[in-house]
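Undergrad: You'll find target_33.txt just under this line, and it carries compact mmCIF, C-alpha atoms and all ligand atoms.
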# COMPACT_ATOMS: atom_id res chain seq x y z
CA MET A 1 132.21 95.13 92.34
CA SER A 2 129.20 96.63 94.00
CA THR A 3 129.14 99.43 96.55
CA GLY A 4 126.37 100.39 98.90
CA VAL A 5 125.05 102.99 96.50
CA VAL A 6 121.80 102.96 94.54
CA VAL A 7 121.95 105.14 91.43
CA ALA A 8 118.42 106.06 90.33
CA CYS A 9 118.46 107.61 86.88
CA ASP A 10 115.55 108.92 84.82
CA LEU A 11 115.62 107.89 81.15
CA ASP A 12 114.06 110.34 78.69
CA ARG A 13 116.00 113.58 78.33
CA THR A 14 118.26 112.57 81.23
CA LEU A 15 119.97 109.43 79.94
CA ILE A 16 118.47 108.89 76.46
CA TYR A 17 117.48 111.47 73.87
CA SER A 18 115.12 111.58 70.91
CA ALA A 19 116.45 113.30 67.77
CA ALA A 20 114.43 116.40 68.70
CA ALA A 21 116.01 116.53 72.19
CA LEU A 22 119.68 116.05 71.19
CA ARG A 23 120.53 119.79 70.92
CA LEU A 24 123.73 119.11 69.05
CA GLY A 25 124.41 122.70 67.99
CA GLY A 26 127.77 123.63 66.53
CA GLU A 27 129.30 122.14 63.41
CA ASP A 28 128.26 118.71 62.17
CA GLU A 29 131.84 117.44 62.33
CA ASP A 30 132.02 118.40 66.02
CA ALA A 31 128.95 116.31 67.00
CA PRO A 32 129.72 113.51 69.44
CA ALA A 33 129.64 109.90 68.24
CA MET A 34 126.24 108.46 69.18
CA THR A 35 124.67 105.04 69.41
CA VAL A 36 121.06 103.90 69.30
CA ALA A 37 119.38 103.38 72.68
CA GLU A 38 115.87 102.53 71.44
CA VAL A 39 114.16 101.21 68.31
CA PHE A 40 110.41 101.64 67.73
CA ASP A 41 108.50 100.38 64.69
CA GLY A 42 111.81 99.55 63.04
CA GLU A 43 113.17 103.09 63.46
CA PRO A 44 115.91 104.30 65.81
CA ILE A 45 114.22 106.86 68.09
CA SER A 46 116.47 107.37 71.15
CA PHE A 47 120.19 107.90 71.44
CA TRP A 48 123.07 108.42 73.84
CA THR A 49 126.65 109.31 73.11
CA ARG A 50 129.05 106.43 72.59
CA ASP A 51 131.02 107.58 75.64
CA ALA A 52 127.87 107.74 77.77
CA GLU A 53 126.93 104.20 76.76
CA GLN A 54 130.40 102.95 77.64
CA MET A 55 130.47 104.71 81.02
CA LEU A 56 126.99 103.40 81.75
CA GLY A 57 128.36 99.86 81.56
CA ASP A 58 130.92 100.82 84.23
CA LEU A 59 128.22 102.47 86.34
CA VAL A 60 126.02 99.35 86.24
CA GLU A 61 129.01 97.35 87.41
CA ALA A 62 130.02 99.75 90.19
CA SER A 63 126.61 100.42 91.75
CA THR A 64 123.03 99.21 91.96
CA PHE A 65 121.97 101.17 88.89
CA VAL A 66 118.19 101.59 88.72
CA PRO A 67 116.62 103.09 85.58
CA THR A 68 113.76 105.12 87.08
CA THR A 69 111.18 106.15 84.55
CA THR A 70 107.60 107.21 83.93
CA ARG A 71 107.64 104.86 80.92
CA THR A 72 105.35 101.85 81.07
CA ARG A 73 106.97 98.41 81.32
CA LYS A 74 106.46 97.91 77.60
CA GLN A 75 108.05 101.25 76.71
CA TYR A 76 110.91 100.55 79.12
CA ALA A 77 111.60 97.14 77.56
CA ARG A 78 112.60 98.83 74.28
CA VAL A 79 115.64 100.56 75.82
CA ARG A 80 118.85 98.73 74.88
CA PHE A 81 121.22 98.86 77.85
CA PRO A 82 124.79 97.64 77.51
CA GLU A 83 125.01 93.99 78.58
CA PRO A 84 124.45 92.62 81.18
CA GLY A 85 122.06 95.49 81.92
CA PRO A 86 120.56 96.66 85.20
CA ARG A 87 119.05 94.05 87.52
CA TYR A 88 116.45 96.44 88.94
CA ALA A 89 114.26 99.06 87.27
CA VAL A 90 111.46 101.35 88.38
CA THR A 91 108.80 101.98 85.72
CA SER A 92 105.38 103.61 85.48
CA ASN A 93 106.56 106.47 87.72
CA GLY A 94 107.05 104.09 90.65
CA GLY A 95 104.07 101.85 89.91
CA HIS A 96 106.29 98.86 89.21
CA ILE A 97 109.63 97.59 90.45
CA LEU A 98 111.18 95.16 87.96
CA VAL A 99 113.64 92.55 89.17
CA ASP A 100 115.38 90.82 86.26
CA GLY A 101 112.58 92.15 84.05
CA GLU A 102 109.74 90.76 86.20
CA PRO A 103 107.40 93.05 88.16
CA CYS A 104 107.33 92.66 91.93
CA ALA A 105 103.68 91.80 92.66
CA ASP A 106 103.80 92.85 96.31
CA TRP A 107 105.02 96.30 95.39
CA SER A 108 102.47 96.79 92.60
CA ARG A 109 99.67 95.83 95.01
CA ALA A 110 100.90 98.14 97.77
CA VAL A 111 101.08 101.05 95.32
CA ARG A 112 97.51 100.53 94.13
CA GLU A 113 96.26 100.57 97.71
CA ARG A 114 97.95 103.93 98.26
CA LEU A 115 96.12 105.42 95.27
CA ASP A 116 92.83 105.31 97.19
CA GLU A 117 94.03 108.55 98.80
CA CYS A 118 93.38 110.60 95.66
CA ALA A 119 90.72 111.03 92.97
CA PRO A 120 90.21 107.98 90.74
CA LEU A 121 91.90 107.70 87.36
CA THR A 122 88.55 107.72 85.53
CA GLU A 123 87.73 111.20 86.86
CA VAL A 124 90.97 112.60 85.42
CA VAL A 125 90.56 110.74 82.12
CA ASP A 126 87.02 112.11 81.75
CA HIS A 127 88.21 115.63 82.51
CA LEU A 128 90.94 115.42 79.86
CA ALA A 129 88.40 114.11 77.35
CA ALA A 130 86.22 117.13 78.12
CA VAL A 131 88.91 119.85 78.01
CA GLY A 132 91.22 118.42 75.35
CA ASP A 133 90.68 119.67 71.82
CA ASP A 134 91.48 117.74 68.65
CA ALA A 135 93.14 120.89 67.34
CA TRP A 136 96.10 120.21 69.65
CA VAL A 137 95.58 116.76 71.22
CA ARG A 138 97.01 113.96 69.10
CA LYS A 139 96.32 111.06 71.50
CA HIS A 140 94.74 110.28 74.86
CA ARG A 141 96.63 107.54 76.68
CA VAL A 142 96.15 105.55 79.91
CA ALA A 143 99.33 103.96 81.27
CA GLU A 144 99.00 100.61 83.03
CA ASP A 145 95.74 101.67 84.64
CA LEU A 146 97.79 103.96 86.91
CA PHE A 147 97.97 107.40 85.28
CA THR A 148 97.10 109.18 82.05
CA TYR A 149 98.76 111.45 79.50
CA LEU A 150 98.05 113.41 76.38
CA VAL A 151 100.29 113.50 73.34
CA VAL A 152 99.93 117.08 72.07
CA HIS A 153 100.99 119.43 69.32
CA ARG A 154 103.10 121.48 71.68
CA ASP A 155 103.11 124.60 69.52
CA ALA A 156 99.30 124.64 69.45
CA LEU A 157 98.82 124.05 73.20
CA PRO A 158 96.68 126.88 74.67
CA PRO A 159 98.92 129.01 76.91
CA SER A 160 96.89 128.54 80.09
CA PHE A 161 96.10 124.84 79.59
CA VAL A 162 98.87 123.35 81.73
CA ASP A 163 98.39 125.87 84.57
CA ASP A 164 94.61 125.33 84.64
CA LEU A 165 95.03 121.56 84.53
CA THR A 166 97.67 121.70 87.28
CA GLN A 167 95.27 123.53 89.56
CA TRP A 168 92.35 121.22 88.75
CA CYS A 169 94.53 118.16 89.40
CA ALA A 170 96.08 119.53 92.62
CA GLU A 171 92.61 119.80 94.13
CA ARG A 172 92.21 116.07 93.48
CA GLY A 173 95.59 114.86 94.68
CA TRP A 174 97.12 114.61 91.20
CA THR A 175 100.16 116.25 89.67
CA VAL A 176 100.87 117.49 86.12
CA SER A 177 104.11 117.38 84.15
CA LEU A 178 104.79 118.69 80.64
CA GLN A 179 107.60 116.81 78.92
CA GLY A 180 108.28 117.23 75.22
CA ARG A 181 105.02 116.38 73.44
CA LYS A 182 103.41 114.77 76.48
CA VAL A 183 101.23 116.18 79.26
CA TYR A 184 101.22 113.72 82.16
CA CYS A 185 98.62 113.54 84.93
CA VAL A 186 99.93 111.35 87.75
CA PRO A 187 98.46 110.60 91.20
CA MET A 188 100.59 112.25 93.89
CA PRO A 189 101.15 109.01 95.88
CA LEU A 190 102.66 107.41 92.73
CA THR A 191 106.28 108.51 93.09
CA LYS A 192 109.65 107.41 91.82
CA SER A 193 111.24 108.14 95.20
CA ALA A 194 109.10 105.60 97.11
CA ALA A 195 109.96 102.81 94.68
CA VAL A 196 113.66 103.68 94.72
CA ALA A 197 113.65 103.72 98.54
CA GLU A 198 112.17 100.22 98.42
CA VAL A 199 114.97 99.02 96.10
CA ALA A 200 117.60 100.67 98.32
CA GLN A 201 116.21 98.86 101.33
CA ARG A 202 116.15 95.53 99.53
CA VAL A 203 119.77 95.72 98.43
CA GLY A 204 120.91 97.24 101.72
CA ALA A 205 122.24 100.42 100.12
CA GLY A 206 123.09 103.23 102.52
CA ARG A 207 123.21 105.99 99.94
CA THR A 208 121.14 107.01 96.92
CA PHE A 209 122.35 109.11 94.01
CA ALA A 210 119.79 110.36 91.48
CA ALA A 211 119.41 112.21 88.19
CA GLY A 212 116.35 113.56 86.39
CA ASP A 213 115.03 116.47 84.35
CA SER A 214 111.26 116.79 84.88
CA LEU A 215 108.81 117.74 87.65
CA LEU A 216 108.11 114.02 88.12
CA ASP A 217 111.79 113.65 89.09
CA ALA A 218 111.73 116.39 91.74
CA ASP A 219 110.80 114.04 94.60
CA LEU A 220 113.48 111.59 93.46
CA LEU A 221 116.15 114.29 93.48
CA GLU A 222 114.92 115.70 96.80
CA HIS A 223 115.18 112.33 98.56
CA ALA A 224 118.63 111.49 97.15
CA ASP A 225 121.92 112.10 98.95
CA VAL A 226 123.54 113.37 95.76
CA ALA A 227 121.53 114.67 92.79
CA PHE A 228 122.15 115.83 89.24
CA ARG A 229 119.96 117.38 86.61
CA PRO A 230 120.68 118.48 83.05
CA ALA A 231 120.73 122.13 81.96
CA HIS A 232 117.47 121.62 80.04
CA GLY A 233 113.94 120.39 80.68
CA GLU A 234 111.08 121.18 83.00
CA LEU A 235 113.14 121.53 86.21
CA HIS A 236 115.70 123.71 84.45
CA GLU A 237 113.00 126.00 83.09
CA ALA A 238 111.59 126.27 86.62
CA GLY A 239 115.06 127.09 87.99
CA TRP A 240 114.76 124.13 90.38
CA GLN A 241 117.60 123.94 92.91
CA ALA A 242 118.61 122.01 96.01
CA PRO A 243 121.71 122.16 98.23
CA HIS A 244 122.85 118.68 97.17
CA LEU A 245 122.04 119.21 93.46
CA THR A 246 124.53 119.79 90.65
CA VAL A 247 123.32 121.11 87.27
CA THR A 248 125.30 120.00 84.21
CA ARG A 249 127.32 122.56 82.25
CA ARG A 250 126.01 121.27 78.94
CA ALA A 251 122.46 120.63 77.66
CA GLY A 252 121.02 117.97 75.37
CA VAL A 253 122.69 114.63 74.77
CA ALA A 254 126.05 116.07 75.89
CA GLY A 255 124.41 116.92 79.21
CA GLY A 256 123.27 113.30 79.40
CA GLU A 257 126.84 112.13 78.95
CA GLU A 258 127.95 114.56 81.65
CA ILE A 259 125.37 113.10 84.04
CA VAL A 260 126.67 109.56 83.53
CA ALA A 261 130.26 110.78 84.01
CA ARG A 262 129.35 112.65 87.20
CA LEU A 263 127.37 109.72 88.62
CA LEU A 264 130.25 107.35 87.89
CA ALA A 265 132.77 109.72 89.53
CA ALA A 266 130.53 110.09 92.58
CA VAL A 267 130.15 106.30 92.94
CA ARG A 268 133.89 105.79 92.59
CA ALA A 269 134.61 108.52 95.16
CA GLU A 270 132.22 106.77 97.52
CA ALA A 271 134.00 103.46 97.06
CA ALA A 272 137.50 104.89 97.53
CA PRO A 273 138.62 105.48 101.14
CA GLU A 274 139.16 109.15 101.89
CA GLY A 275 142.64 110.33 100.95
CA SER A 276 143.35 107.23 98.85
CA ALA A 277 144.71 107.65 95.36
CA ALA A 278 142.46 104.94 93.94
MG MG B 1 112.93 112.76 81.80
Write the structure described by the file as structure tokens, please.
TA:
Amino acid sequence: MSTGVVVACDLDRTLIYSAAALRLGGEDEDAPAMTVAEVFDGEPISFWTRDAEQMLGDLVEASTFVPTTTRTRKQYARVRFPEPGPRYAVTSNGGHILVDGEPCADWSRAVRERLDECAPLTEVVDHLAAVGDDAWVRKHRVAEDLFTYLVVHRDALPPSFVDDLTQWCAERGWTVSLQGRKVYCVPMPLTKSAAVAEVAQRVGAGRTFAAGDSLLDADLLEHADVAFRPAHGELHEAGWQAPHLTVTRRAGVAGGEEIVARLLAAVRAEAAPEGSAA
């Protein structure tokens, strides 16, 4: 059964968690059962709780569930969703809409045209090459010719680097987000919310629910009717709030499970007529 709700959910540190992001805490025997959400180079690298994975299957069935990620298409393709998996996905921070795994060419073209409004990618890449230092930059990356990011040694990152870069980028119509070991520079017109609005229009959904943890999710959460974020991550550290936003009680992978549970409850409440016991 499908309702008129689009559920747009960020992946990393919202739905799936690397070992470093799990924040299990407590005693080993109290840790939740977990399953592998992603394999890279033959190694399991992302996880969700077993309960979260199970509820996700229900959520995909009950809504138009749209994984909404800054990951490139290739990075997205590694995530193992419960079968049959979501029909739609938004990758590359809104740069691509995937329908049954295939990018929508019209959307990709329209997005590229919008990027003429801000400084070109090459200018930002050159700037990062000039200001990045091998002492703390592990890799320079360009994602799908749309945006760029650094993989850094977070502990060695100069204290003012992100603030200085944020200011430099803002003057050029770009935005900066620090997530785990990655410093993203993304053109401001490249947003998750625009791509999700396009999917909502295509499927005729009247309502959008969203979840995310980073600054690149802020526009997605702002534009949603109902929003959730975990009690960790960039938005949490910034104390980000909105009237329609709920913050999870728990952090780490348990917070991820809580997000899936809350999204599923919200979708089911939407589907049930008011006052019904269903
Ligand atoms: Mg995230």
Undergrad: So, with only C-alpha atoms and all ligand atoms as the atoms that count, which of A:Ser193, A:Thr14, A:Gln201, A:Thr72 lies closest to ligand MG 1 (chain B)?
TA: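 Of all the options, A:Thr14 lies closest to ligand MG 1 (chain B).
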Undergrad: Go through chain A residue by residue and, counting only C-alpha atoms and all ligand atoms, keep those with an atom at most 9 Å from ligand MG 1 (chain B); for each kept residue give the shortest atom pair and its distance in Å to one decimal, ordered by chain and increasing number, as JSON lines.
TA:
{"residue": "A:Asp10", "atom": "CA", "partner": "B:MG1", "partner_atom": "MG", "distance": 5.5}
{"residue": "A:Leu11", "atom": "CA", "partner": "B:MG1", "partner_atom": "MG", "distance": 5.6}
{"residue": "A:Asp12", "atom": "CA", "partner": "B:MG1", "partner_atom": "MG", "distance": 4.1}
{"residue": "A:Arg13", "atom": "CA", "partner": "B:MG1", "partner_atom": "MG", "distance": 4.7}
{"residue": "A:Thr14", "atom": "CA", "partner": "B:MG1", "partner_atom": "MG", "distance": 5.4}
{"residue": "A:Leu15", "atom": "CA", "partner": "B:MG1", "partner_atom": "MG", "distance": 8.0}
{"residue": "A:Ile16", "atom": "CA", "partner": "B:MG1", "partner_atom": "MG", "distance": 8.6}
{"residue": "A:Thr69", "atom": "CA", "partner": "B:MG1", "partner_atom": "MG", "distance": 7.4}
{"residue": "A:Thr70", "atom": "CA", "partner": "B:MG1", "partner_atom": "MG", "distance": 8.0}
{"residue": "A:Gln179", "atom": "CA", "partner": "B:MG1", "partner_atom": "MG", "distance": 7.3}
{"residue": "A:Gly212", "atom": "CA", "partner": "B:MG1", "partner_atom": "MG", "distance": 5.8}
{"residue": "A:Asp213", "atom": "CA", "partner": "B:MG1", "partner_atom": "MG", "distance": 5.0}
{"residue": "A:Ser214", "atom": "CA", "partner": "B:MG1", "partner_atom": "MG", "distance": 5.3}
{"residue": "A:Leu215", "atom": "CA", "partner": "B:MG1", "partner_atom": "MG", "distance": 8.7}
{"residue": "A:Leu216", "atom": "CA", "partner": "B:MG1", "partner_atom": "MG", "distance": 8.0}
{"residue": "A:Asp217", "atom": "CA", "partner": "B:MG1", "partner_atom": "MG", "distance": 7.4}
{"residue": "A:Gly233", "atom": "CA", "partner": "B:MG1", "partner_atom": "MG", "distance": 7.8}
{"residue": "A:Glu234", "atom": "CA", "partner": "B:MG1", "partner_atom": "MG", "distance": 8.7}
Undergrad: Got a sec to check which residues sit within 7 Å of (123.4, 110.4, 92.9), counting all atoms listed in the file, and write them as a PyMOL selection string?
TA: chain A and resi 7+208-211+224-228+263
Undergrad: Point out the residue among A:Ala37, A:Val66, A:Ala238, A:Ala52 with the least atom-to-atom distance to Ser177 of chain A, counting only C-alpha atoms.
TA: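 Between A:Ala37, A:Val66, A:Ala238, A:Ala52, the residue approaching Ser177 of chain A most closely is A:Ala238.
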Undergrad: Rounded to one decimal, what separation in Å do you get between atom CA of Arg109 of chain A and atom CA of Val124 of chain A?
TA: 21.2 Å
Undergrad: Write out as a PyMOL selection string which residues come within 6 Å of Ile45 of chain A when counting all atoms listed in the file, dropping same-chain ones fewer than 6 positions away.
TA: chain A and resi 18+38-39
Undergrad: May I ask for the distance between atom CA of Gly94 of chain A and atom CA of Pro120 of chain A, given in Å to one decimal place?
TA: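 Separation between atom CA of Gly94 of chain A and atom CA of Pro120 of chain A: 17.3 Å.
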Undergrad: Can you measure atom CA of Val196 of chain A to atom CA of Asp51 of chain A for me? One decimal in Å is fine.
TA: 26.1 Å
Undergrad: Show me the residues close to (99.7, 118.5, 85.4) - anything with an atom within 8 Å, counting all atoms listed in the file - and format the list as a PyMOL selection string.
TA: chain A and resi 162-163+165-167+169+174-178+183-186
Undergrad: Could you add N, CA and C atoms to segment 105-133 of chain A and give me the result as a CSV table (one decimal), in the frame of the given file?
TA:
chain,number,residue,atom,x,y,z
A,105,ALA,N,105.1,91.7,92.5
A,105,ALA,CA,103.7,91.8,92.7
A,105,ALA,C,103.3,92.5,94.0
A,106,ASP,N,104.1,92.2,95.0
A,106,ASP,CA,103.8,92.8,96.3
A,106,ASP,C,103.9,94.4,96.2
A,107,TRP,N,104.9,94.8,95.5
A,107,TRP,CA,105.0,96.3,95.4
A,107,TRP,C,103.9,96.9,94.6
A,108,SER,N,103.5,96.3,93.5
A,108,SER,CA,102.5,96.8,92.6
A,108,SER,C,101.2,96.9,93.4
A,109,ARG,N,100.9,95.9,94.2
A,109,ARG,CA,99.7,95.8,95.0
A,109,ARG,C,99.7,96.9,96.1
A,110,ALA,N,100.8,97.1,96.7
A,110,ALA,CA,100.9,98.1,97.8
A,110,ALA,C,100.7,99.5,97.2
A,111,VAL,N,101.2,99.7,96.0
A,111,VAL,CA,101.1,101.0,95.3
A,111,VAL,C,99.6,101.3,95.0
A,112,ARG,N,98.9,100.3,94.5
A,112,ARG,CA,97.5,100.5,94.1
A,112,ARG,C,96.7,100.9,95.4
A,113,GLU,N,97.0,100.3,96.5
A,113,GLU,CA,96.3,100.6,97.7
A,113,GLU,C,96.5,102.0,98.1
A,114,ARG,N,97.7,102.5,97.9
A,114,ARG,CA,98.0,103.9,98.3
A,114,ARG,C,97.2,104.9,97.4
A,115,LEU,N,96.8,104.5,96.2
A,115,LEU,CA,96.1,105.4,95.3
A,115,LEU,C,94.7,105.7,95.7
A,116,ASP,N,94.2,105.0,96.7
A,116,ASP,CA,92.8,105.3,97.2
A,116,ASP,C,92.8,106.7,97.8
A,117,GLU,N,94.0,107.2,98.1
A,117,GLU,CA,94.0,108.6,98.8
A,117,GLU,C,93.6,109.7,97.9
A,118,CYS,N,93.7,109.5,96.6
A,118,CYS,CA,93.4,110.6,95.7
A,118,CYS,C,92.2,110.2,94.7
A,119,ALA,N,91.8,111.2,93.9
A,119,ALA,CA,90.7,111.0,93.0
A,119,ALA,C,91.0,109.9,92.0
A,120,PRO,N,90.0,109.1,91.6
A,120,PRO,CA,90.2,108.0,90.7
A,120,PRO,C,90.7,108.4,89.3
A,121,LEU,N,91.4,107.5,88.7
A,121,LEU,CA,91.9,107.7,87.4
A,121,LEU,C,90.8,108.1,86.4
A,122,THR,N,89.6,107.5,86.5
A,122,THR,CA,88.6,107.7,85.5
A,122,THR,C,88.1,109.2,85.6
A,123,GLU,N,88.1,109.8,86.8
A,123,GLU,CA,87.7,111.2,86.9
A,123,GLU,C,88.7,112.1,86.1
A,124,VAL,N,90.0,111.8,86.1
A,124,VAL,CA,91.0,112.6,85.4
A,124,VAL,C,90.9,112.3,83.9
A,125,VAL,N,90.7,111.1,83.5
A,125,VAL,CA,90.6,110.7,82.1
A,125,VAL,C,89.3,111.4,81.5
A,126,ASP,N,88.2,111.4,82.2
A,126,ASP,CA,87.0,112.1,81.8
A,126,ASP,C,87.2,113.6,81.6
A,127,HIS,N,87.9,114.2,82.6
A,127,HIS,CA,88.2,115.6,82.5
A,127,HIS,C,89.1,116.0,81.3
A,128,LEU,N,90.1,115.2,81.0
A,128,LEU,CA,90.9,115.4,79.9
A,128,LEU,C,90.2,115.3,78.6
A,129,ALA,N,89.2,114.3,78.6
A,129,ALA,CA,88.4,114.1,77.4
A,129,ALA,C,87.5,115.3,77.1
A,130,ALA,N,87.1,116.0,78.2
A,130,ALA,CA,86.2,117.1,78.1
A,130,ALA,C,87.0,118.4,77.7
A,131,VAL,N,88.2,118.6,78.2
A,131,VAL,CA,88.9,119.8,78.0
A,131,VAL,C,89.9,119.8,76.9
A,132,GLY,N,90.3,118.6,76.4
A,132,GLY,CA,91.2,118.4,75.4
A,132,GLY,C,90.5,118.7,74.0
A,133,ASP,N,91.2,119.3,73.1
A,133,ASP,CA,90.7,119.7,71.8
A,133,ASP,C,91.5,119.0,70.7
